[in-house]
Amino acid sequence: MIDGIHACGRRISGPLGDIIKMLGCFSTPPNFIIVAVDLHQFTPIPLLRPNFASKGDDTSVAILEKHDQQFAKSRDAPTATLHFHEKVTSNSSQFAGIHPIVAQDSHQRNLANLVAEALSSLPSVAEGQGKAATQARTEQHANTEISSAQAIYVYSEGHYVLKKKPDFISVTRGPGLRSCLATGLDTAKGLAVAWQVPLLGVNHMQAHALTPRLVSALKRGANRVPDPDFPFLSLLVSGGHTLLVHSKSTVEHEILAKTNDIAIGDCLDKIARAVLPSSILAQSSDSMYGRLLESFAFPSGPGSYNYIPPPCRQDEPARKPTEWGWSLGTPLSESRAGKSRNMEFTFTGTQGNVERICESEYLEPEERIALAREAMRVLFEHLSSRVVMALQQFKVRDVEPQALVRMAGYWEQKAGDEELEETPTSVDKRKIMGL
């Protein structure tokens with residue numbers, strides 16, 4: 001398995017190449033309907049894999065096919081095809097946050113149905129091709145140097161259809177809720193054993209970091225070199241994680257900064273629960289209240305957010321007094337331990353300050369809007385400051401990332417996008433990518 005992301009510059013040395021070499025070298029399991037299919041009967045497709053994700057409240061299944069560049073019919077053809085991608089999100093709104101039991105029940109209830117639906121999207125195999133391939137395999141045996149594709153029968157629309165068997169299975173192994181991860185892992189293990197194919201456990205934060213290159217590969221007419229090129233920076237933000245990552249290659253990632261308490265998405269949700277009137281919270285169909293916080297703070301839309309970045313680093317930590325007498329300090333700027341320049345994130349201090357302001361007295365709508373705006377400004381400036389500091393360190397080391405990618409399983413705030421775009425960096429503005 002790929003080891004995932006390691007902190008402090010340690011390399012990820014997962015044997016992905018060895019796994020790829022092993023594809024197709026397994027015998028057909030007994031008591032399972034599988035017809036071997038010779039690879040040469042098809043347009044060469046070296047990698048076809050399903051992926052299962054069950055890290056939190058989302059149950060997701062995808063079928064991805066990677067094409068062999070040598071046999072591409074056109075230079076404008078995509079390097080990969082996404083045959084299937086669906087997800088089901090559990091409803092924990094009554095608990096104002098992700099409830100582990102509700103999430104696990106949703107995974108157990110929906111994962112099998114998603115897998116069944118996904119299998120129908122596998123590339124089909126003509127019956128004649130399947131028989132020819134079976135005979136070729138019987139007479140010549142398997143060629144261990146060239147992966148021998150196989151096929152499976154999939155029940156679809158009232159009858160069995162011959163489909164290409166995936167070359168391997170990947171599954172989210174963490175980080176995430178343990179009980180939820182177990183549901184996906186157990187399902188993936190079962191299929192891997194039944195189909196006799198390798199199982200690849202994936203760190204889902206590493207997957208986030210590499211998603212922009214996957215999106216590039218899926219686009220028709222895309223350049224042969226996936227975009228962005230290595231090395232690049234990724235700001236990974238979600239309800240459970242906040243990381244600044246330097247990606248040097250597919251399997252080499254360095255964590256430059258991470259949260260030392262909660263994630264920014266979690267912080268924004270909790271601030272929203274404290275600041276927003278109950279009537280607005282009731283409008284949400286889920287427990288991700290961050291988007292409601294932004295629409296409440298900027299009712300006229302993103303265009304009303306006239307953000308002016310601090311002219312220099314010394315001005316960033318300064319508190320901005322308000323007409324109501326309260327102010328919010330930038331995280332780590334007032335630390336007695338001198339942590340204002342530490343490469344880390346922290347959000348609980350801002351969350352606690354906002355909650356104390358809301359609990360101290362009744363707030364009129366105008367004051368609540370001002371508090372929501374100031375909280376978001378402080379949090380996103382904190383995010384952006386670590387990006388700036390990382391780029392300054394790269395400049396000293398004479399290393400220049402090719403792009404800055406903002407990746408999110410959570411991000412909805414346009415205000416945060418504007419603050420990143422105002423970041424004084426050496427990265428080409430066209431390469432500040434948001435996914």
# chains A, B, ... in the order shown; residues from 1 in each chain; ligands from 1

$ residues_around --residues "region 346-349 of chain A" --least-positions-apart "5" --cutoff "12 Å" --atoms "only C-alpha atoms" --output "PyMOL selection string"
chain A and resi 241-243+257-271+328-335+339-340+354-356+375-376+378-383+386

$ write_last_selection --atoms "N, CA, C and O atoms" --output "short mmCIF file (atom, residue, chain, number, x, y, z; two decimals), in the first residue's frame"
data_model
loop_
_atom_site.label_atom_id
_atom_site.label_comp_id
_atom_site.auth_asym_id
_atom_site.auth_seq_id
_atom_site.Cartn_x
_atom_site.Cartn_y
_atom_site.Cartn_z
N HIS A 241 -9.79 18.57 7.96
CA HIS A 241 -8.35 18.71 7.75
C HIS A 241 -7.99 20.08 7.20
O HIS A 241 -8.78 20.69 6.47
N THR A 242 -6.81 20.55 7.55
CA THR A 242 -6.25 21.77 6.99
C THR A 242 -4.75 21.55 6.84
O THR A 242 -4.04 21.43 7.84
N LEU A 243 -4.28 21.48 5.60
CA LEU A 243 -2.87 21.19 5.32
C LEU A 243 -2.36 22.08 4.20
O LEU A 243 -3.09 22.40 3.26
N ALA A 257 2.63 22.78 6.59
CA ALA A 257 1.88 23.29 7.75
C ALA A 257 0.60 22.48 7.89
O ALA A 257 0.00 22.08 6.90
N LYS A 258 0.18 22.26 9.12
CA LYS A 258 -1.08 21.58 9.39
C LYS A 258 -1.70 22.16 10.66
O LYS A 258 -1.02 22.82 11.46
N THR A 259 -2.98 21.91 10.85
CA THR A 259 -3.65 22.45 12.02
C THR A 259 -3.21 21.70 13.27
O THR A 259 -3.01 20.48 13.25
N ASN A 260 -3.07 22.43 14.36
CA ASN A 260 -2.71 21.79 15.62
C ASN A 260 -3.92 21.59 16.52
O ASN A 260 -3.79 21.17 17.67
N ASP A 261 -5.12 21.91 16.01
CA ASP A 261 -6.33 21.64 16.79
C ASP A 261 -7.46 21.16 15.87
O ASP A 261 -7.53 19.97 15.58
N ILE A 262 -8.31 22.05 15.38
CA ILE A 262 -9.41 21.63 14.52
C ILE A 262 -9.20 22.17 13.11
O ILE A 262 -8.33 23.01 12.88
N ALA A 263 -9.99 21.68 12.17
CA ALA A 263 -9.89 22.14 10.79
C ALA A 263 -10.66 23.44 10.61
O ALA A 263 -11.58 23.76 11.38
N ILE A 264 -10.31 24.19 9.58
CA ILE A 264 -10.99 25.46 9.35
C ILE A 264 -12.47 25.25 9.01
O ILE A 264 -13.33 26.04 9.39
N GLY A 265 -12.79 24.16 8.31
CA GLY A 265 -14.19 23.89 8.01
C GLY A 265 -15.01 23.65 9.27
O GLY A 265 -16.13 24.16 9.41
N ASP A 266 -14.46 22.90 10.20
CA ASP A 266 -15.11 22.65 11.48
C ASP A 266 -15.29 23.96 12.24
O ASP A 266 -16.34 24.22 12.84
N CYS A 267 -14.25 24.80 12.21
CA CYS A 267 -14.31 26.09 12.89
C CYS A 267 -15.41 26.97 12.31
O CYS A 267 -16.19 27.58 13.06
N LEU A 268 -15.50 27.05 10.99
CA LEU A 268 -16.52 27.88 10.36
C LEU A 268 -17.93 27.37 10.67
O LEU A 268 -18.86 28.17 10.87
N ASP A 269 -18.10 26.05 10.70
CA ASP A 269 -19.41 25.50 11.05
C ASP A 269 -19.82 25.90 12.46
O ASP A 269 -20.98 26.27 12.72
N LYS A 270 -18.87 25.82 13.40
CA LYS A 270 -19.19 26.15 14.80
C LYS A 270 -19.41 27.65 14.98
O LYS A 270 -20.26 28.06 15.78
N ILE A 271 -18.65 28.47 14.26
CA ILE A 271 -18.88 29.91 14.31
C ILE A 271 -20.26 30.23 13.74
O ILE A 271 -20.99 31.08 14.28
N LEU A 328 -11.18 40.82 17.04
CA LEU A 328 -10.65 39.46 16.94
C LEU A 328 -9.17 39.52 16.56
O LEU A 328 -8.79 40.22 15.62
N GLY A 329 -8.36 38.77 17.31
CA GLY A 329 -6.94 38.71 17.00
C GLY A 329 -6.63 37.62 16.00
O GLY A 329 -7.33 36.60 15.93
N THR A 330 -5.60 37.82 15.19
CA THR A 330 -5.17 36.81 14.24
C THR A 330 -4.57 35.62 14.98
O THR A 330 -3.80 35.81 15.91
N PRO A 331 -4.93 34.39 14.62
CA PRO A 331 -4.37 33.22 15.30
C PRO A 331 -2.85 33.25 15.37
O PRO A 331 -2.18 33.59 14.39
N LEU A 332 -2.33 32.92 16.53
CA LEU A 332 -0.89 32.82 16.84
C LEU A 332 -0.19 34.18 16.94
O LEU A 332 0.94 34.24 17.43
N SER A 333 -0.84 35.27 16.54
CA SER A 333 -0.16 36.57 16.54
C SER A 333 0.09 37.09 17.95
O SER A 333 1.03 37.88 18.16
N GLU A 334 -0.71 36.66 18.91
CA GLU A 334 -0.56 37.16 20.28
C GLU A 334 -0.05 36.08 21.22
O GLU A 334 -0.19 36.17 22.44
N SER A 335 0.55 35.03 20.65
CA SER A 335 1.06 33.94 21.47
C SER A 335 2.27 34.39 22.28
O SER A 335 3.19 35.05 21.78
N LYS A 339 4.95 32.31 18.60
CA LYS A 339 4.62 31.38 17.52
C LYS A 339 4.08 32.07 16.28
O LYS A 339 3.58 31.41 15.36
N SER A 340 4.16 33.39 16.22
CA SER A 340 3.53 34.10 15.11
C SER A 340 4.11 33.72 13.76
O SER A 340 3.47 33.87 12.73
N VAL A 354 -15.34 34.18 19.25
CA VAL A 354 -16.63 34.47 18.63
C VAL A 354 -17.77 33.97 19.52
O VAL A 354 -18.77 34.67 19.73
N GLU A 355 -17.62 32.76 20.06
CA GLU A 355 -18.68 32.21 20.91
C GLU A 355 -18.86 33.04 22.18
O GLU A 355 -20.00 33.24 22.63
N ARG A 356 -17.77 33.54 22.75
CA ARG A 356 -17.89 34.38 23.96
C ARG A 356 -18.59 35.70 23.66
O ARG A 356 -19.39 36.18 24.46
N ALA A 375 -14.70 37.40 11.49
CA ALA A 375 -14.21 36.05 11.76
C ALA A 375 -13.65 35.41 10.50
O ALA A 375 -12.58 34.79 10.51
N MET A 376 -14.36 35.56 9.40
CA MET A 376 -13.90 34.99 8.14
C MET A 376 -12.61 35.67 7.68
O MET A 376 -11.69 35.01 7.19
N VAL A 378 -10.25 37.07 9.53
CA VAL A 378 -9.15 36.63 10.38
C VAL A 378 -8.71 35.21 10.02
O VAL A 378 -7.51 34.93 9.91
N LEU A 379 -9.66 34.32 9.81
CA LEU A 379 -9.33 32.92 9.51
C LEU A 379 -8.64 32.78 8.16
O LEU A 379 -7.65 32.06 8.02
N PHE A 380 -9.17 33.46 7.15
CA PHE A 380 -8.59 33.31 5.81
C PHE A 380 -7.25 34.04 5.69
O PHE A 380 -6.39 33.61 4.91
N GLU A 381 -7.07 35.12 6.42
CA GLU A 381 -5.75 35.75 6.43
C GLU A 381 -4.72 34.83 7.09
O GLU A 381 -3.56 34.78 6.67
N HIS A 382 -5.18 34.10 8.10
CA HIS A 382 -4.29 33.13 8.75
C HIS A 382 -3.87 32.05 7.76
O HIS A 382 -2.68 31.67 7.69
N LEU A 383 -4.82 31.55 6.98
CA LEU A 383 -4.48 30.56 5.94
C LEU A 383 -3.49 31.15 4.94
O LEU A 383 -2.46 30.54 4.62
N ARG A 386 0.36 31.64 5.89
CA ARG A 386 1.27 30.48 5.85
C ARG A 386 1.67 30.15 4.41
O ARG A 386 2.76 29.64 4.16
#

$ select_by_dssp --residues "region 78-254 of chain A" --states "alpha helix (DSSP H)" --output "ChimeraX atom specification"
/A:100-119,127-140,178-195,204-218

$ atom_distance --atom1 "CA of Ser121 (chain A)" --atom2 "CA of Gly56 (chain A)"
25.1 Å

$ closest_residue --among "A:Met407, A:Cys358, A:Ala77, A:Ala116" --to "Gln206 (chain A)" --atoms "only C-alpha atoms"
A:Met407

$ closest_residue --among "A:Arg178, A:Lys320, A:Lys189, A:Lys87" --to "Ala53 (chain A)" --atoms "only C-alpha atoms"
A:Lys87

$ atom_distance --atom1 "CA of Pro401 (chain A)" --atom2 "CA of Leu64 (chain A)"
28.2 Å

$ residues_around --residues "Pro198 (chain A)" --least-positions-apart "6" --cutoff "7 Å" --atoms "only C-alpha atoms" --output "list of chain:residue names"
A:Phe168, A:Ile169, A:Ala192

$ write_last_selection --atoms "C-alpha atoms" --output "PDB file, in the first residue's frame"
ATOM      1  CA  PHE A 168      -6.985  -3.404  -9.120  1.00  0.00           C
ATOM      2  CA  ILE A 169      -9.123  -1.781  -6.427  1.00  0.00           C
ATOM      3  CA  ALA A 192     -10.213  -7.911  -4.218  1.00  0.00           C
TER       4      ALA A 192
END

$ select_by_dssp --residues "region 78-273 of chain A" --states "strand (DSSP E)" --output "PDB file with C-alpha atoms, in the first residue's frame"
ATOM      1  CA  ALA A  80      -8.071   8.821 -18.559  1.00  0.00           C
ATOM      2  CA  THR A  81     -11.813   8.183 -18.557  1.00  0.00           C
ATOM      3  CA  LEU A  82     -14.129   8.401 -15.570  1.00  0.00           C
ATOM      4  CA  HIS A  83     -16.813   5.803 -16.276  1.00  0.00           C
ATOM      5  CA  PHE A  84     -18.736   6.242 -13.055  1.00  0.00           C
ATOM      6  CA  HIS A  85     -18.736   8.547 -10.034  1.00  0.00           C
ATOM      7  CA  GLU A  86     -21.580   8.833  -7.567  1.00  0.00           C
ATOM      8  CA  LYS A  87     -21.872   9.631  -3.882  1.00  0.00           C
ATOM      9  CA  VAL A  88     -24.489   9.573  -1.137  1.00  0.00           C
ATOM     10  CA  THR A  89     -24.200  11.926   1.847  1.00  0.00           C
ATOM     11  CA  GLN A 150      -9.985 -10.836 -17.569  1.00  0.00           C
ATOM     12  CA  ALA A 151     -13.728 -10.370 -17.577  1.00  0.00           C
ATOM     13  CA  ILE A 152     -16.617 -10.815 -15.186  1.00  0.00           C
ATOM     14  CA  TYR A 153     -20.331 -11.284 -15.641  1.00  0.00           C
ATOM     15  CA  VAL A 154     -22.332  -8.372 -14.255  1.00  0.00           C
ATOM     16  CA  TYR A 155     -26.089  -8.609 -13.717  1.00  0.00           C
ATOM     17  CA  SER A 156     -27.648  -5.592 -15.404  1.00  0.00           C
ATOM     18  CA  HIS A 159     -29.538 -10.316 -17.664  1.00  0.00           C
ATOM     19  CA  TYR A 160     -25.799 -10.970 -17.323  1.00  0.00           C
ATOM     20  CA  VAL A 161     -23.364  -8.908 -19.356  1.00  0.00           C
ATOM     21  CA  LEU A 162     -19.676  -9.644 -19.851  1.00  0.00           C
ATOM     22  CA  LYS A 163     -17.571  -6.767 -18.515  1.00  0.00           C
ATOM     23  CA  LYS A 164     -13.872  -6.055 -18.190  1.00  0.00           C
ATOM     24  CA  ILE A 169      -9.123  -1.781  -6.427  1.00  0.00           C
ATOM     25  CA  SER A 170      -8.293   1.351  -4.479  1.00  0.00           C
ATOM     26  CA  VAL A 171      -9.989   2.392  -1.266  1.00  0.00           C
ATOM     27  CA  THR A 172      -9.701   5.231   1.225  1.00  0.00           C
ATOM     28  CA  ARG A 173      -7.744   3.931   4.217  1.00  0.00           C
ATOM     29  CA  GLY A 174      -7.594   7.222   6.130  1.00  0.00           C
ATOM     30  CA  LEU A 199      -5.912  -3.807  -3.261  1.00  0.00           C
ATOM     31  CA  LEU A 200      -4.424  -0.318  -2.922  1.00  0.00           C
ATOM     32  CA  GLY A 201      -5.107   1.692   0.246  1.00  0.00           C
ATOM     33  CA  VAL A 202      -5.037   5.446  -0.411  1.00  0.00           C
ATOM     34  CA  ASN A 203      -4.464   8.343   1.959  1.00  0.00           C
ATOM     35  CA  PHE A 232       3.340  22.590  -6.795  1.00  0.00           C
ATOM     36  CA  LEU A 233       1.721  23.744  -3.555  1.00  0.00           C
ATOM     37  CA  SER A 234      -1.696  22.586  -2.355  1.00  0.00           C
ATOM     38  CA  LEU A 235      -3.818  24.184   0.321  1.00  0.00           C
ATOM     39  CA  LEU A 236      -6.084  21.329   1.425  1.00  0.00           C
ATOM     40  CA  VAL A 237      -9.033  22.505   3.481  1.00  0.00           C
ATOM     41  CA  THR A 242      -6.251  21.773   6.989  1.00  0.00           C
ATOM     42  CA  LEU A 243      -2.874  21.187   5.320  1.00  0.00           C
ATOM     43  CA  LEU A 244      -0.372  23.084   3.209  1.00  0.00           C
ATOM     44  CA  VAL A 245       1.440  20.501   1.091  1.00  0.00           C
ATOM     45  CA  HIS A 246       4.430  20.685  -1.259  1.00  0.00           C
ATOM     46  CA  SER A 247       3.986  17.995  -3.926  1.00  0.00           C
ATOM     47  CA  LYS A 248       7.279  17.078  -5.603  1.00  0.00           C
ATOM     48  CA  SER A 249       6.132  13.977  -7.492  1.00  0.00           C
ATOM     49  CA  GLU A 252       6.587  12.464  -2.766  1.00  0.00           C
ATOM     50  CA  HIS A 253       4.723  15.038  -0.664  1.00  0.00           C
ATOM     51  CA  GLU A 254       5.921  17.293   2.120  1.00  0.00           C
ATOM     52  CA  ILE A 255       3.569  18.747   4.733  1.00  0.00           C
ATOM     53  CA  LEU A 256       4.617  22.350   5.273  1.00  0.00           C
ATOM     54  CA  ALA A 257       1.882  23.287   7.747  1.00  0.00           C
ATOM     55  CA  LYS A 258      -1.083  21.585   9.389  1.00  0.00           C
TER      56      LYS A 258
END

$ atom_distance --atom1 "CA of Gly338 (chain A)" --atom2 "CA of Phe394 (chain A)"
22.3 Å

$ residues_around --residues "Ile101 (chain A)" --least-positions-apart "6" --cutoff "12 Å" --atoms "only C-alpha atoms" --output "PyMOL selection string"
chain A and resi 56-57+90-92+95+107-108+177-180

$ write_last_selection --atoms "all heavy atoms" --output "PDB file, in the first residue's frame"
ATOM      1  N   GLY A  56     -16.017   9.701   5.908  1.00  0.00           N
ATOM      2  CA  GLY A  56     -16.822  10.512   6.818  1.00  0.00           C
ATOM      3  C   GLY A  56     -18.293  10.320   6.530  1.00  0.00           C
ATOM      4  O   GLY A  56     -18.832   9.229   6.680  1.00  0.00           O
ATOM      5  N   ASP A  57     -18.961  11.388   6.070  1.00  0.00           N
ATOM      6  CA  ASP A  57     -20.395  11.278   5.816  1.00  0.00           C
ATOM      7  C   ASP A  57     -20.715  11.017   4.346  1.00  0.00           C
ATOM      8  O   ASP A  57     -21.876  10.850   3.991  1.00  0.00           O
ATOM      9  CB  ASP A  57     -21.113  12.555   6.276  1.00  0.00           C
ATOM     10  CG  ASP A  57     -20.586  13.806   5.588  1.00  0.00           C
ATOM     11  OD1 ASP A  57     -19.484  13.743   5.024  1.00  0.00           O
ATOM     12  OD2 ASP A  57     -21.282  14.834   5.634  1.00  0.00           O
ATOM     13  N   SER A  90     -24.751  11.236   4.092  1.00  0.00           N
ATOM     14  CA  SER A  90     -25.654  10.963   5.210  1.00  0.00           C
ATOM     15  C   SER A  90     -26.233  12.272   5.741  1.00  0.00           C
ATOM     16  O   SER A  90     -25.606  13.332   5.638  1.00  0.00           O
ATOM     17  CB  SER A  90     -24.916  10.236   6.335  1.00  0.00           C
ATOM     18  OG  SER A  90     -23.892  11.053   6.881  1.00  0.00           O
ATOM     19  N   ASN A  91     -27.413  12.199   6.299  1.00  0.00           N
ATOM     20  CA  ASN A  91     -28.084  13.383   6.837  1.00  0.00           C
ATOM     21  C   ASN A  91     -27.975  13.396   8.365  1.00  0.00           C
ATOM     22  O   ASN A  91     -28.674  12.668   9.057  1.00  0.00           O
ATOM     23  CB  ASN A  91     -29.552  13.390   6.416  1.00  0.00           C
ATOM     24  CG  ASN A  91     -30.278  14.662   6.839  1.00  0.00           C
ATOM     25  OD1 ASN A  91     -29.686  15.546   7.472  1.00  0.00           O
ATOM     26  ND2 ASN A  91     -31.539  14.765   6.496  1.00  0.00           N
ATOM     27  N   SER A  92     -27.047  14.209   8.866  1.00  0.00           N
ATOM     28  CA  SER A  92     -26.866  14.347  10.315  1.00  0.00           C
ATOM     29  C   SER A  92     -27.273  15.732  10.795  1.00  0.00           C
ATOM     30  O   SER A  92     -26.799  16.218  11.824  1.00  0.00           O
ATOM     31  CB  SER A  92     -25.400  14.095  10.694  1.00  0.00           C
ATOM     32  OG  SER A  92     -24.989  12.801  10.341  1.00  0.00           O
ATOM     33  N   PHE A  95     -28.159  16.654  14.353  1.00  0.00           N
ATOM     34  CA  PHE A  95     -27.093  16.669  15.352  1.00  0.00           C
ATOM     35  C   PHE A  95     -26.142  17.851  15.151  1.00  0.00           C
ATOM     36  O   PHE A  95     -25.165  17.983  15.877  1.00  0.00           O
ATOM     37  CB  PHE A  95     -26.299  15.361  15.293  1.00  0.00           C
ATOM     38  CG  PHE A  95     -27.124  14.139  15.548  1.00  0.00           C
ATOM     39  CD1 PHE A  95     -27.547  13.346  14.489  1.00  0.00           C
ATOM     40  CD2 PHE A  95     -27.505  13.792  16.836  1.00  0.00           C
ATOM     41  CE1 PHE A  95     -28.319  12.216  14.718  1.00  0.00           C
ATOM     42  CE2 PHE A  95     -28.280  12.666  17.073  1.00  0.00           C
ATOM     43  CZ  PHE A  95     -28.695  11.874  16.015  1.00  0.00           C
ATOM     44  N   HIS A 107     -23.302   4.472   5.144  1.00  0.00           N
ATOM     45  CA  HIS A 107     -22.342   3.702   4.346  1.00  0.00           C
ATOM     46  C   HIS A 107     -22.836   2.271   4.138  1.00  0.00           C
ATOM     47  O   HIS A 107     -22.820   1.745   3.023  1.00  0.00           O
ATOM     48  CB  HIS A 107     -20.978   3.663   5.040  1.00  0.00           C
ATOM     49  CG  HIS A 107     -20.299   4.998   5.119  1.00  0.00           C
ATOM     50  ND1 HIS A 107     -20.253   5.869   4.062  1.00  0.00           N
ATOM     51  CD2 HIS A 107     -19.635   5.605   6.131  1.00  0.00           C
ATOM     52  CE1 HIS A 107     -19.587   6.964   4.422  1.00  0.00           C
ATOM     53  NE2 HIS A 107     -19.210   6.818   5.677  1.00  0.00           N
ATOM     54  N   GLN A 108     -23.268   1.641   5.213  1.00  0.00           N
ATOM     55  CA  GLN A 108     -23.700   0.237   5.127  1.00  0.00           C
ATOM     56  C   GLN A 108     -24.969   0.090   4.289  1.00  0.00           C
ATOM     57  O   GLN A 108     -25.175  -0.935   3.637  1.00  0.00           O
ATOM     58  CB  GLN A 108     -23.921  -0.311   6.539  1.00  0.00           C
ATOM     59  CG  GLN A 108     -22.632  -0.417   7.348  1.00  0.00           C
ATOM     60  CD  GLN A 108     -22.868  -0.893   8.760  1.00  0.00           C
ATOM     61  OE1 GLN A 108     -23.965  -0.756   9.306  1.00  0.00           O
ATOM     62  NE2 GLN A 108     -21.835  -1.449   9.381  1.00  0.00           N
ATOM     63  N   LEU A 177     -13.123   8.819   9.966  1.00  0.00           N
ATOM     64  CA  LEU A 177     -13.760   8.105  11.069  1.00  0.00           C
ATOM     65  C   LEU A 177     -13.509   6.605  10.917  1.00  0.00           C
ATOM     66  O   LEU A 177     -13.796   6.026   9.867  1.00  0.00           O
ATOM     67  CB  LEU A 177     -15.266   8.388  11.085  1.00  0.00           C
ATOM     68  CG  LEU A 177     -15.674   9.846  11.304  1.00  0.00           C
ATOM     69  CD1 LEU A 177     -17.180  10.005  11.165  1.00  0.00           C
ATOM     70  CD2 LEU A 177     -15.223  10.327  12.687  1.00  0.00           C
ATOM     71  N   ARG A 178     -12.995   5.992  11.957  1.00  0.00           N
ATOM     72  CA  ARG A 178     -12.560   4.596  11.857  1.00  0.00           C
ATOM     73  C   ARG A 178     -13.696   3.658  11.462  1.00  0.00           C
ATOM     74  O   ARG A 178     -13.532   2.787  10.599  1.00  0.00           O
ATOM     75  CB  ARG A 178     -11.955   4.158  13.197  1.00  0.00           C
ATOM     76  CG  ARG A 178     -11.374   2.761  13.165  1.00  0.00           C
ATOM     77  CD  ARG A 178     -10.593   2.464  14.428  1.00  0.00           C
ATOM     78  NE  ARG A 178      -9.996   1.133  14.386  1.00  0.00           N
ATOM     79  CZ  ARG A 178      -9.188   0.647  15.321  1.00  0.00           C
ATOM     80  NH1 ARG A 178      -8.878   1.389  16.371  1.00  0.00           N
ATOM     81  NH2 ARG A 178      -8.682  -0.563  15.209  1.00  0.00           N
ATOM     82  N   SER A 179     -14.855   3.828  12.075  1.00  0.00           N
ATOM     83  CA  SER A 179     -15.976   2.931  11.778  1.00  0.00           C
ATOM     84  C   SER A 179     -16.447   3.097  10.335  1.00  0.00           C
ATOM     85  O   SER A 179     -16.865   2.134   9.690  1.00  0.00           O
ATOM     86  CB  SER A 179     -17.137   3.206  12.743  1.00  0.00           C
ATOM     87  OG  SER A 179     -17.560   4.563  12.659  1.00  0.00           O
ATOM     88  N   CYS A 180     -16.370   4.318   9.826  1.00  0.00           N
ATOM     89  CA  CYS A 180     -16.781   4.567   8.437  1.00  0.00           C
ATOM     90  C   CYS A 180     -15.757   4.000   7.460  1.00  0.00           C
ATOM     91  O   CYS A 180     -16.123   3.394   6.451  1.00  0.00           O
ATOM     92  CB  CYS A 180     -16.946   6.068   8.221  1.00  0.00           C
ATOM     93  SG  CYS A 180     -18.282   6.812   9.198  1.00  0.00           S
TER      94      CYS A 180
END

$ closest_residue --among "A:Gly239, A:Pro175, A:Gly184, A:Pro166" --to "Asn110 (chain A)" --atoms "only C-alpha atoms"
A:Gly184

$ decode --residues "region 270-281 of chain A" --atoms "N, CA, C and O atoms" --output "PDB file, in the first residue's frame"
ATOM      1  N   LYS A 270     -18.873  25.823  13.397  1.00  0.00           N
ATOM      2  CA  LYS A 270     -19.186  26.154  14.796  1.00  0.00           C
ATOM      3  C   LYS A 270     -19.412  27.653  14.980  1.00  0.00           C
ATOM      4  O   LYS A 270     -20.264  28.064  15.777  1.00  0.00           O
ATOM      5  N   ILE A 271     -18.647  28.465  14.256  1.00  0.00           N
ATOM      6  CA  ILE A 271     -18.885  29.911  14.308  1.00  0.00           C
ATOM      7  C   ILE A 271     -20.265  30.231  13.742  1.00  0.00           C
ATOM      8  O   ILE A 271     -20.994  31.080  14.275  1.00  0.00           O
ATOM      9  N   ALA A 272     -20.640  29.554  12.670  1.00  0.00           N
ATOM     10  CA  ALA A 272     -21.957  29.775  12.071  1.00  0.00           C
ATOM     11  C   ALA A 272     -23.064  29.428  13.053  1.00  0.00           C
ATOM     12  O   ALA A 272     -24.069  30.150  13.155  1.00  0.00           O
ATOM     13  N   ARG A 273     -22.900  28.346  13.796  1.00  0.00           N
ATOM     14  CA  ARG A 273     -23.919  27.961  14.768  1.00  0.00           C
ATOM     15  C   ARG A 273     -24.055  28.998  15.869  1.00  0.00           C
ATOM     16  O   ARG A 273     -25.150  29.166  16.441  1.00  0.00           O
ATOM     17  N   ALA A 274     -22.965  29.702  16.181  1.00  0.00           N
ATOM     18  CA  ALA A 274     -23.009  30.722  17.227  1.00  0.00           C
ATOM     19  C   ALA A 274     -23.544  32.054  16.702  1.00  0.00           C
ATOM     20  O   ALA A 274     -24.276  32.752  17.413  1.00  0.00           O
ATOM     21  N   VAL A 275     -23.198  32.406  15.469  1.00  0.00           N
ATOM     22  CA  VAL A 275     -23.527  33.731  14.943  1.00  0.00           C
ATOM     23  C   VAL A 275     -24.885  33.783  14.256  1.00  0.00           C
ATOM     24  O   VAL A 275     -25.636  34.755  14.415  1.00  0.00           O
ATOM     25  N   LEU A 276     -25.225  32.770  13.489  1.00  0.00           N
ATOM     26  CA  LEU A 276     -26.438  32.822  12.676  1.00  0.00           C
ATOM     27  C   LEU A 276     -27.701  32.676  13.525  1.00  0.00           C
ATOM     28  O   LEU A 276     -27.746  31.866  14.463  1.00  0.00           O
ATOM     29  N   PRO A 277     -28.741  33.421  13.185  1.00  0.00           N
ATOM     30  CA  PRO A 277     -30.035  33.224  13.847  1.00  0.00           C
ATOM     31  C   PRO A 277     -30.552  31.814  13.591  1.00  0.00           C
ATOM     32  O   PRO A 277     -30.275  31.221  12.543  1.00  0.00           O
ATOM     33  N   SER A 278     -31.303  31.296  14.533  1.00  0.00           N
ATOM     34  CA  SER A 278     -31.806  29.923  14.404  1.00  0.00           C
ATOM     35  C   SER A 278     -32.677  29.742  13.174  1.00  0.00           C
ATOM     36  O   SER A 278     -32.724  28.654  12.578  1.00  0.00           O
ATOM     37  N   SER A 279     -33.351  30.796  12.744  1.00  0.00           N
ATOM     38  CA  SER A 279     -34.216  30.698  11.564  1.00  0.00           C
ATOM     39  C   SER A 279     -33.407  30.424  10.302  1.00  0.00           C
ATOM     40  O   SER A 279     -33.874  29.727   9.391  1.00  0.00           O
ATOM     41  N   ILE A 280     -32.185  30.943  10.230  1.00  0.00           N
ATOM     42  CA  ILE A 280     -31.327  30.708   9.071  1.00  0.00           C
ATOM     43  C   ILE A 280     -30.714  29.316   9.138  1.00  0.00           C
ATOM     44  O   ILE A 280     -30.623  28.609   8.133  1.00  0.00           O
ATOM     45  N   LEU A 281     -30.289  28.891  10.337  1.00  0.00           N
ATOM     46  CA  LEU A 281     -29.726  27.549  10.488  1.00  0.00           C
ATOM     47  C   LEU A 281     -30.735  26.487  10.073  1.00  0.00           C
ATOM     48  O   LEU A 281     -30.362  25.452   9.517  1.00  0.00           O
TER      49      LEU A 281
END
